$ cat protein11.tsv   # TSV, C-alpha atoms and all ligand atoms
chain	number	residue	atom	x	y	z
W	20	MET	CA	-1.49	-57.99	-97.80
W	21	LYS	CA	-2.59	-56.21	-94.60
W	22	ARG	CA	-1.37	-59.16	-92.52
W	23	LEU	CA	1.96	-59.16	-94.40
W	24	LEU	CA	2.39	-55.43	-93.84
W	25	CYS	CA	1.49	-55.80	-90.19
W	26	GLY	CA	4.04	-58.63	-89.81
W	27	ALA	CA	6.73	-56.56	-91.50
W	28	ILE	CA	6.05	-53.58	-89.23
W	29	CYS	CA	6.15	-55.83	-86.14
W	30	ALA	CA	9.46	-57.29	-87.31
W	31	ILE	CA	10.92	-53.80	-87.81
W	32	ILE	CA	9.77	-52.74	-84.31
W	33	LEU	CA	11.26	-55.90	-82.78
W	34	LEU	CA	14.52	-55.37	-84.65
W	35	ALA	CA	14.63	-51.74	-83.51
W	36	LEU	CA	13.95	-52.77	-79.91
W	37	SER	CA	16.62	-55.46	-79.90
W	38	ALA	CA	19.12	-53.05	-81.53
W	39	CYS	CA	18.30	-50.62	-78.74
W	40	ALA	CA	18.67	-53.28	-76.05
W	41	THR	CA	22.12	-54.24	-77.27
W	42	ALA	CA	23.25	-50.69	-78.16
W	43	LYS	CA	26.49	-49.82	-76.45
W	44	PRO	CA	26.43	-46.73	-74.26
W	45	ALA	CA	28.66	-43.75	-75.07
W	46	VAL	CA	31.24	-43.34	-72.29
W	47	THR	CA	33.19	-40.12	-71.60
W	48	SER	CA	35.81	-39.79	-68.83
W	49	PHE	CA	37.56	-36.58	-67.85
W	50	GLU	CA	38.81	-34.62	-64.86
W	51	ALA	CA	36.73	-31.77	-63.48
W	52	MET	CA	35.93	-30.35	-60.03
W	53	ASP	CA	39.12	-31.92	-58.72
W	54	THR	CA	37.95	-35.46	-59.42
W	55	LEU	CA	37.54	-38.04	-62.17
W	56	MET	CA	34.13	-38.03	-63.85
W	57	THR	CA	32.66	-40.75	-66.05
W	58	LEU	CA	29.49	-40.20	-68.05
W	59	THR	CA	27.71	-43.26	-69.47
W	60	VAL	CA	24.83	-42.43	-71.80
W	61	TYR	CA	22.50	-44.86	-73.61
W	62	GLY	CA	20.73	-43.80	-76.78
W	63	ASP	CA	22.50	-40.50	-77.52
W	64	ASP	CA	26.13	-40.30	-78.65
W	65	LYS	CA	26.26	-36.52	-78.71
W	66	VAL	CA	24.91	-35.36	-75.37
W	67	GLY	CA	28.06	-36.58	-73.52
W	68	ASP	CA	30.07	-33.66	-74.96
W	69	GLN	CA	27.34	-31.20	-73.97
W	70	LEU	CA	27.28	-32.58	-70.43
W	71	ARG	CA	31.04	-32.29	-70.20
W	72	SER	CA	31.00	-28.66	-71.41
W	73	ARG	CA	28.28	-27.83	-68.89
W	74	ILE	CA	30.33	-29.36	-66.03
W	75	ASP	CA	33.50	-27.53	-67.20
W	76	GLU	CA	31.54	-24.29	-67.32
W	77	LEU	CA	30.31	-24.75	-63.73
W	78	ASP	CA	33.82	-25.74	-62.60
W	79	SER	CA	35.29	-22.55	-64.03
W	80	LEU	CA	32.70	-20.46	-62.16
W	81	LEU	CA	32.77	-22.26	-58.81
W	82	ASP	CA	36.37	-23.34	-58.21
W	83	MET	CA	37.42	-21.12	-55.31
W	84	THR	CA	41.11	-21.91	-55.87
W	85	ASP	CA	41.06	-20.76	-59.51
W	86	GLU	CA	41.98	-17.07	-59.72
W	87	SER	CA	39.80	-16.60	-62.79
W	88	SER	CA	36.64	-18.06	-61.22
W	89	GLU	CA	33.65	-16.02	-60.08
W	90	LEU	CA	33.90	-17.46	-56.60
W	91	TYR	CA	37.57	-16.48	-56.28
W	92	ARG	CA	36.72	-12.95	-57.37
W	93	LEU	CA	33.79	-12.76	-54.95
W	94	ASN	CA	35.93	-13.98	-52.04
W	95	ARG	CA	38.60	-11.38	-52.82
W	96	GLU	CA	36.45	-8.39	-53.68
W	97	LYS	CA	33.56	-9.12	-51.25
W	98	SER	CA	31.05	-7.72	-53.69
W	99	ALA	CA	30.26	-9.00	-57.17
W	100	SER	CA	27.63	-9.40	-59.78
W	101	VAL	CA	27.56	-13.11	-60.66
W	102	SER	CA	26.25	-15.43	-63.37
W	103	PRO	CA	22.80	-17.07	-63.07
W	104	ASP	CA	24.45	-20.41	-62.09
W	105	THR	CA	26.53	-18.93	-59.29
W	106	ALA	CA	23.56	-16.90	-58.06
W	107	ALA	CA	21.27	-19.96	-58.15
W	108	LEU	CA	23.74	-22.14	-56.25
W	109	LEU	CA	24.46	-19.40	-53.69
W	110	LYS	CA	20.72	-19.01	-53.14
W	111	ARG	CA	20.24	-22.75	-52.64
W	112	SER	CA	23.31	-22.97	-50.40
W	113	LEU	CA	22.05	-20.15	-48.19
W	114	GLN	CA	18.70	-21.93	-47.80
W	115	LEU	CA	20.47	-25.21	-47.02
W	116	SER	CA	22.79	-23.49	-44.53
W	117	GLU	CA	19.71	-22.15	-42.73
W	118	ALA	CA	17.91	-25.52	-42.83
W	119	LEU	CA	21.00	-27.50	-41.78
W	120	ARG	CA	22.18	-24.87	-39.33
W	121	GLY	CA	25.36	-25.83	-37.50
W	122	SER	CA	26.30	-28.73	-39.75
W	123	PHE	CA	26.41	-27.25	-43.26
W	124	ASP	CA	27.63	-23.72	-43.87
W	125	LEU	CA	28.76	-22.25	-47.18
W	126	THR	CA	31.13	-19.83	-45.40
W	127	VAL	CA	33.40	-22.60	-44.08
W	128	CYS	CA	36.11	-21.47	-46.58
W	129	PRO	CA	38.52	-19.67	-44.17
W	130	ALA	CA	38.77	-22.82	-42.03
W	131	VAL	CA	39.16	-25.13	-45.05
W	132	GLN	CA	42.04	-22.91	-46.23
W	133	ALA	CA	43.63	-22.56	-42.76
W	134	TRP	CA	43.92	-26.35	-42.42
W	135	GLY	CA	45.57	-26.47	-45.84
W	136	PHE	CA	42.87	-28.48	-47.61
W	137	THR	CA	42.86	-26.17	-50.63
W	138	SER	CA	46.65	-25.83	-51.02
W	139	GLY	CA	47.85	-29.22	-49.75
W	140	ASP	CA	50.12	-27.37	-47.24
W	141	TYR	CA	48.49	-29.05	-44.27
W	142	ARG	CA	48.77	-27.54	-40.79
W	143	ILE	CA	46.97	-27.70	-37.47
W	144	PRO	CA	45.68	-24.29	-36.29
W	145	ASP	CA	45.95	-23.74	-32.50
W	146	ASP	CA	42.91	-23.19	-30.26
W	147	ASP	CA	43.01	-19.39	-30.55
W	148	GLU	CA	43.08	-19.55	-34.33
W	149	LEU	CA	40.27	-22.13	-34.37
W	150	LYS	CA	38.12	-19.85	-32.22
W	151	LYS	CA	38.69	-16.95	-34.64
W	152	LEU	CA	38.00	-19.20	-37.63
W	153	SER	CA	34.76	-20.52	-36.13
W	154	GLU	CA	33.60	-16.92	-35.64
W	155	MET	CA	34.24	-16.30	-39.34
W	156	ILE	CA	31.84	-19.10	-40.33
W	157	ASP	CA	28.37	-17.61	-40.54
W	158	TYR	CA	26.18	-17.87	-43.62
W	159	ARG	CA	24.23	-14.77	-42.48
W	160	GLN	CA	27.24	-12.67	-43.55
W	161	VAL	CA	26.33	-13.39	-47.20
W	162	THR	CA	23.75	-11.11	-48.82
W	163	LEU	CA	22.26	-12.08	-52.13
W	164	ASP	CA	19.99	-9.78	-54.12
W	165	GLY	CA	19.29	-11.15	-57.60
W	166	ASP	CA	22.71	-11.59	-59.17
W	167	SER	CA	24.44	-9.21	-56.78
W	168	VAL	CA	26.33	-10.76	-53.84
W	169	LYS	CA	27.99	-9.13	-50.85
W	170	LEU	CA	30.19	-10.73	-48.22
W	171	SER	CA	31.20	-9.14	-44.94
W	172	ASP	CA	34.94	-8.46	-44.54
W	173	ASN	CA	36.05	-11.78	-43.02
W	174	THR	CA	33.67	-13.99	-44.98
W	175	ARG	CA	34.67	-16.33	-47.79
W	176	VAL	CA	32.49	-18.87	-49.57
W	177	ASP	CA	33.23	-22.53	-50.39
W	178	LEU	CA	30.69	-24.37	-52.56
W	179	GLY	CA	32.71	-27.61	-52.65
W	180	ALA	CA	30.08	-29.50	-50.65
W	181	VAL	CA	27.32	-28.82	-53.21
W	182	ALA	CA	28.97	-28.12	-56.59
W	183	LYS	CA	28.86	-31.72	-57.82
W	184	GLY	CA	25.24	-32.12	-56.73
W	185	TYR	CA	24.30	-28.91	-58.55
W	186	ALA	CA	26.21	-30.13	-61.63
W	187	ALA	CA	24.23	-33.39	-61.43
W	188	ASP	CA	20.97	-31.39	-61.46
W	189	CYS	CA	22.11	-29.27	-64.44
W	190	CYS	CA	23.12	-32.43	-66.34
W	191	GLY	CA	19.73	-33.97	-65.55
W	192	LYS	CA	18.05	-31.03	-67.31
W	193	LEU	CA	20.25	-31.47	-70.41
W	194	LEU	CA	19.46	-35.20	-70.49
W	195	GLU	CA	15.73	-34.45	-70.44
W	196	GLU	CA	16.18	-32.32	-73.57
W	197	SER	CA	18.30	-35.02	-75.27
W	198	LYS	CA	17.47	-38.30	-77.03
W	199	ALA	CA	19.14	-40.27	-74.24
W	200	GLN	CA	17.19	-43.25	-73.01
W	201	ALA	CA	19.25	-43.73	-69.86
W	202	ALA	CA	22.43	-42.45	-68.26
W	203	VAL	CA	24.70	-42.98	-65.29
W	204	LEU	CA	26.71	-39.82	-64.57
W	205	ASN	CA	29.46	-40.48	-62.06
W	206	LEU	CA	30.65	-37.03	-61.03
W	207	GLY	CA	33.39	-38.28	-58.72
W	208	GLY	CA	31.25	-40.03	-56.14
W	209	THR	CA	28.07	-38.04	-56.80
W	210	ILE	CA	26.02	-40.19	-59.14
W	211	ARG	CA	23.04	-39.04	-61.19
W	212	LEU	CA	20.85	-41.80	-62.64
W	213	TYR	CA	18.58	-41.04	-65.55
W	214	GLY	CA	15.87	-42.90	-67.48
W	215	ARG	CA	15.60	-46.67	-67.79
W	216	LYS	CA	18.41	-48.94	-68.89
W	217	PRO	CA	17.81	-50.59	-72.31
W	218	ASP	CA	17.61	-54.05	-70.76
W	219	GLY	CA	15.14	-52.83	-68.11
W	220	SER	CA	17.40	-53.77	-65.21
W	221	PRO	CA	17.85	-51.37	-62.27
W	222	PHE	CA	21.01	-49.29	-61.95
W	223	LYS	CA	23.58	-50.81	-59.63
W	224	VAL	CA	25.48	-48.19	-57.63
W	225	GLY	CA	28.45	-49.22	-55.48
W	226	VAL	CA	29.07	-47.58	-52.09
W	227	ALA	CA	32.83	-47.02	-51.68
W	228	ASP	CA	34.72	-48.83	-48.92
W	229	PRO	CA	36.36	-45.99	-46.92
W	230	GLY	CA	39.28	-48.33	-46.11
W	231	ASN	CA	39.84	-49.10	-49.80
W	232	PRO	CA	37.89	-46.57	-51.90
W	233	ALA	CA	38.54	-48.49	-55.13
W	234	ALA	CA	36.29	-51.26	-53.72
W	235	TYR	CA	32.64	-51.22	-52.66
W	236	PHE	CA	31.26	-52.53	-49.37
W	237	GLY	CA	27.77	-52.68	-50.79
W	238	TYR	CA	25.51	-51.99	-53.74
W	239	LEU	CA	22.25	-50.14	-54.21
W	240	SER	CA	19.81	-51.26	-56.92
W	241	LEU	CA	18.05	-48.09	-57.98
W	242	ASP	CA	15.62	-46.82	-60.60
W	243	GLY	CA	16.73	-43.18	-60.53
W	244	GLY	CA	17.76	-40.22	-58.38
W	245	THR	CA	21.08	-38.80	-57.27
W	246	VAL	CA	23.40	-40.63	-54.89
W	247	ALA	CA	25.93	-38.45	-53.05
W	248	THR	CA	28.61	-39.75	-50.70
W	249	SER	CA	30.78	-37.85	-48.22
W	250	GLY	CA	33.73	-39.60	-46.62
W	251	GLY	CA	36.88	-38.60	-44.78
W	252	TYR	CA	38.83	-40.86	-47.15
W	253	GLU	CA	38.28	-38.39	-50.01
W	254	ARG	CA	40.77	-35.88	-48.55
W	255	TYR	CA	42.73	-36.00	-45.30
W	256	PHE	CA	46.18	-35.76	-43.77
W	257	GLU	CA	47.77	-37.54	-40.85
W	258	ARG	CA	49.96	-36.19	-38.02
W	259	ASP	CA	51.22	-38.25	-35.09
W	260	GLY	CA	48.89	-41.10	-35.94
W	261	ARG	CA	45.80	-38.88	-36.00
W	262	ARG	CA	43.74	-38.34	-39.11
W	263	TYR	CA	42.39	-34.88	-40.03
W	264	ILE	CA	39.64	-34.97	-42.66
W	265	HIS	CA	38.33	-32.29	-45.05
W	266	ILE	CA	34.82	-32.23	-43.59
W	267	LEU	CA	34.76	-29.54	-40.89
W	268	ASP	CA	32.38	-28.84	-38.06
W	269	PRO	CA	31.26	-25.21	-38.60
W	270	LYS	CA	30.93	-24.76	-34.80
W	271	THR	CA	34.57	-25.60	-34.06
W	272	ALA	CA	36.21	-25.00	-37.49
W	273	ALA	CA	37.95	-28.35	-36.94
W	274	PRO	CA	37.78	-31.65	-38.84
W	275	VAL	CA	34.94	-33.92	-37.77
W	276	GLU	CA	35.84	-36.90	-35.56
W	277	ASN	CA	32.60	-38.60	-34.60
W	278	GLY	CA	32.87	-42.25	-35.57
W	279	ILE	CA	31.38	-41.80	-39.06
W	280	GLN	CA	33.22	-43.37	-41.99
W	281	SER	CA	30.88	-42.32	-44.77
W	282	VAL	CA	27.40	-40.98	-45.44
W	283	THR	CA	25.57	-41.75	-48.68
W	284	ILE	CA	22.34	-39.92	-49.50
W	285	LEU	CA	19.75	-40.84	-52.11
W	286	THR	CA	17.18	-38.31	-53.27
W	287	ASP	CA	16.00	-36.79	-56.57
W	288	ASP	CA	17.40	-33.34	-55.80
W	289	GLY	CA	21.16	-33.56	-56.40
W	290	THR	CA	22.08	-30.28	-54.68
W	291	ALA	CA	20.18	-31.35	-51.57
W	292	ALA	CA	21.72	-34.84	-51.69
W	293	ASP	CA	25.21	-33.34	-51.77
W	294	ALA	CA	24.56	-30.86	-48.95
W	295	LEU	CA	22.89	-33.57	-46.86
W	296	SER	CA	25.79	-36.01	-47.24
W	297	THR	CA	28.16	-33.37	-45.82
W	298	ALA	CA	25.72	-32.21	-43.14
W	299	LEU	CA	24.75	-35.65	-41.85
W	300	PHE	CA	28.45	-36.54	-41.68
W	301	VAL	CA	28.94	-33.53	-39.38
W	302	MET	CA	25.83	-34.39	-37.31
W	303	GLY	CA	27.04	-37.89	-36.49
W	304	ARG	CA	24.91	-41.04	-36.46
W	305	ASP	CA	22.40	-40.19	-33.71
W	306	ARG	CA	21.68	-36.61	-34.80
W	307	ALA	CA	21.54	-37.73	-38.43
W	308	ILE	CA	18.82	-40.23	-37.51
W	309	GLU	CA	16.94	-37.54	-35.55
W	310	TYR	CA	17.17	-35.22	-38.57
W	311	TYR	CA	15.87	-37.97	-40.86
W	312	HIS	CA	12.89	-38.56	-38.57
W	313	THR	CA	11.85	-34.91	-38.91
W	314	HIS	CA	12.71	-34.64	-42.64
W	315	PRO	CA	12.13	-38.08	-44.19
W	316	SER	CA	12.44	-36.85	-47.79
W	317	PHE	CA	15.60	-38.84	-48.54
W	318	ASP	CA	17.31	-42.16	-47.82
W	319	PHE	CA	20.75	-42.77	-46.38
W	320	VAL	CA	23.47	-45.37	-45.88
W	321	ILE	CA	25.74	-44.48	-42.95
W	322	LEU	CA	28.84	-46.53	-42.18
W	323	THR	CA	30.36	-46.07	-38.71
W	324	ASP	CA	33.76	-47.05	-37.23
W	325	ASP	CA	32.21	-49.99	-35.33
W	326	GLY	CA	31.34	-51.71	-38.63
W	327	THR	CA	27.62	-50.90	-38.59
W	328	ILE	CA	25.68	-49.86	-41.68
W	329	SER	CA	22.59	-47.81	-40.84
W	330	LEU	CA	20.06	-47.94	-43.67
W	331	THR	CA	16.76	-46.09	-43.94
W	332	GLU	CA	13.82	-48.39	-44.52
W	333	GLY	CA	13.18	-46.97	-48.02
W	334	ILE	CA	16.35	-48.62	-49.35
W	335	THR	CA	16.78	-51.65	-47.09
W	336	ASP	CA	15.51	-53.95	-49.86
W	337	ARG	CA	17.69	-52.22	-52.42
W	338	PHE	CA	20.98	-52.67	-50.54
W	339	THR	CA	23.23	-55.73	-50.98
W	340	LEU	CA	26.33	-56.25	-48.88
W	341	ALA	CA	29.38	-56.99	-51.07
W	342	GLN	CA	31.08	-60.36	-50.73
W	343	GLY	CA	33.80	-60.55	-48.10
W	344	TYR	CA	32.40	-57.75	-45.88
W	345	ASP	CA	31.37	-58.65	-42.38
W	346	LEU	CA	29.30	-55.61	-41.40
W	347	ARG	CA	26.20	-55.34	-39.22
W	348	ILE	CA	23.14	-53.82	-40.88
W	349	GLU	CA	20.51	-51.88	-38.91
W	350	THR	CA	17.34	-50.48	-40.41
W	351	ILE	CA	16.19	-46.99	-39.46
W	352	ASN	CA	12.39	-46.74	-39.53
E	401	LIG	P1	31.58	-33.25	-49.60
E	401	LIG	O1	32.66	-34.11	-50.16
E	401	LIG	O2	30.41	-33.05	-50.49
E	401	LIG	O3	31.16	-33.69	-48.24
E	401	LIG	O4	32.18	-31.77	-49.44
E	401	LIG	C1	33.30	-31.54	-48.65
E	401	LIG	C2	33.89	-30.20	-49.03
E	401	LIG	O5	32.99	-29.16	-48.65
E	401	LIG	C3	35.19	-29.92	-48.29
E	401	LIG	O6	36.31	-30.29	-49.05
E	401	LIG	C4	35.12	-28.43	-48.03
E	401	LIG	O7	35.57	-27.72	-49.17
E	401	LIG	C5	33.64	-28.16	-47.86
E	401	LIG	N1	33.15	-28.36	-46.48
E	401	LIG	C6	33.74	-29.02	-45.44
E	401	LIG	N2	32.97	-29.02	-44.35
E	401	LIG	C7	31.84	-28.33	-44.69
E	401	LIG	C8	30.66	-28.00	-44.00
E	401	LIG	N3	30.45	-28.37	-42.73
E	401	LIG	N4	29.70	-27.28	-44.66
E	401	LIG	C9	29.90	-26.90	-45.94
E	401	LIG	N5	30.99	-27.19	-46.66
E	401	LIG	C10	31.95	-27.92	-46.06
E	402	MG	MG	28.41	-32.88	-50.12

$ encode --input "protein11.tsv" --output "structure tokens"
Amino acid sequence: MKRLLCGAICAIILLALSACATAKPAVTSFEAMDTLMTLTVYGDDKVGDQLRSRIDELDSLLDMTDESSELYRLNREKSASVSPDTAALLKRSLQLSEALRGSFDLTVCPAVQAWGFTSGDYRIPDDDELKKLSEMIDYRQVTLDGDSVKLSDNTRVDLGAVAKGYAADCCGKLLEESKAQAAVLNLGGTIRLYGRKPDGSPFKVGVADPGNPAAYFGYLSLDGGTVATSGGYERYFERDGRRYIHILDPKTAAPVENGIQSVTILTDDGTAADALSTALFVMGRDRAIEYYHTHPSFDFVILTDDGTISLTEGITDRFTLAQGYDLRIETIN
């Protein structure tokens, strides 16, 4: 009888496991933060809606072009009492601006707007205007005291370089409280991986081909973390054969032109991953490698104009070049 019971229990467990292994994930796609997001969740059909609401909530606080957002109000009124999310992200962004001084700055907004990246009315500011704009970029003009924020007169804040990473972190917390076994949250190029896939295989994350962003030049096999990519291909305009991209050098207030095609960062902290992808793009290959050597708490994939992929040693074994791409791979130790 005992043996029979034991057999029956084993059979039930096996059945449950195989049901789990074949269970289809719940997939939700929607537009938020100016991009298409796709959430794939294994083992919990309900949490997808919660994740979406959380992302929509953050979007409505942080979208600096939306007149009803907290950020819009702060930029206009220069002094505001903000929600815990906005305060938390401002705090993090100030720390990151200090740590990544000169390459990431949350007060880049006036320059982003002057080039037309927020409105789509693209223009090229002249040298005088660029000089004035670069003087307006200075994270030290933002004062944060609890939930109360003050900006100096000419200062405006843009959290576009970190909002998706912060959203990835917030979603990670909701997943931990859910029944989900695994999830792949694609927040428009910022990808949060969670748990273990039912079949035990690693997550496969494509790295977009800047020349054809619908395709991937390579894949990363990963067990978790957040993957954030910055690339000029995400937003740019062209004049007289020259391309002007949406990633700006805070020192010059002008679009970056340094031979980088894209920077992909892998680390557990999504907000940091997002800030680092923007910052290392601005630094350029050599300074990015120097920065990595002094702060080796993340991995990167950098693609440069000369067709070289620079990979940190932590992910060399996890990277596979996609078929049909003839790119040189160098490992950064
Ligand atoms: P990402 O795609 O994460 O690299 O973020 C790029 C967005 O962040 C741009 O569209 C701008 O709104 C803003 N941005 C551009 N350059 C910088 C910079 N150097 N530091 C901080 N934010 C930036
Ligand atoms: Mg970023």

$ residues_around --input "protein11.tsv" --residues "stretch 68-71 of chain W" --least-positions-apart "5" --cutoff "12 Å" --atoms "all atoms listed in the file" --output "PyMOL selection string"
chain W and resi 45-52+55-60+63+76-78+186-197+199+202-206

$ axis_aligned_box --input "protein11.tsv" --around "stretch 117-136 of chain W" --padding-each-side "6 Å" --output "JSON"
{"center_x": 31.7, "center_y": -24.2, "center_z": -42.6, "size_x": 39.7, "size_y": 21.1, "size_z": 22.1}

$ residues_near_ligand --input "protein11.tsv" --ligand "ligand MG 402 (chain E)" --cutoff "10 Å" --atoms "all atoms listed in the file" --output "PyMOL selection string"
chain W and resi 123+178-184+208-209+247-250+266+282-284+289-300

$ closest_residue --input "protein11.tsv" --among "W:Ile351, W:Leu340, W:Ala273, W:Ala118" --to "W:Ile143" --atoms "only C-alpha atoms"
W:Ala273

$ closest_residue --input "protein11.tsv" --among "W:Leu109, W:Phe319, W:Asp325, W:Lys198" --to "W:Thr350" --atoms "all atoms listed in the file"
W:Phe319

$ closest_residue --input "protein11.tsv" --among "W:Lys43, W:Lys270, W:Lys65, W:Arg95" --to "ligand LIG 401 (chain E)" --atoms "only C-alpha atoms and all ligand atoms"
W:Lys270

$ closest_residue --input "protein11.tsv" --among "W:Ala227, W:Leu239, W:Ala341, W:Ile264" --to "W:Leu322" --atoms "only C-alpha atoms"
W:Ala227

$ closest_residue --input "protein11.tsv" --among "W:Thr335, W:Gln342, W:Thr286, W:Thr84" --to "ligand LIG 401 (chain E)" --atoms "only C-alpha atoms and all ligand atoms"
W:Thr84
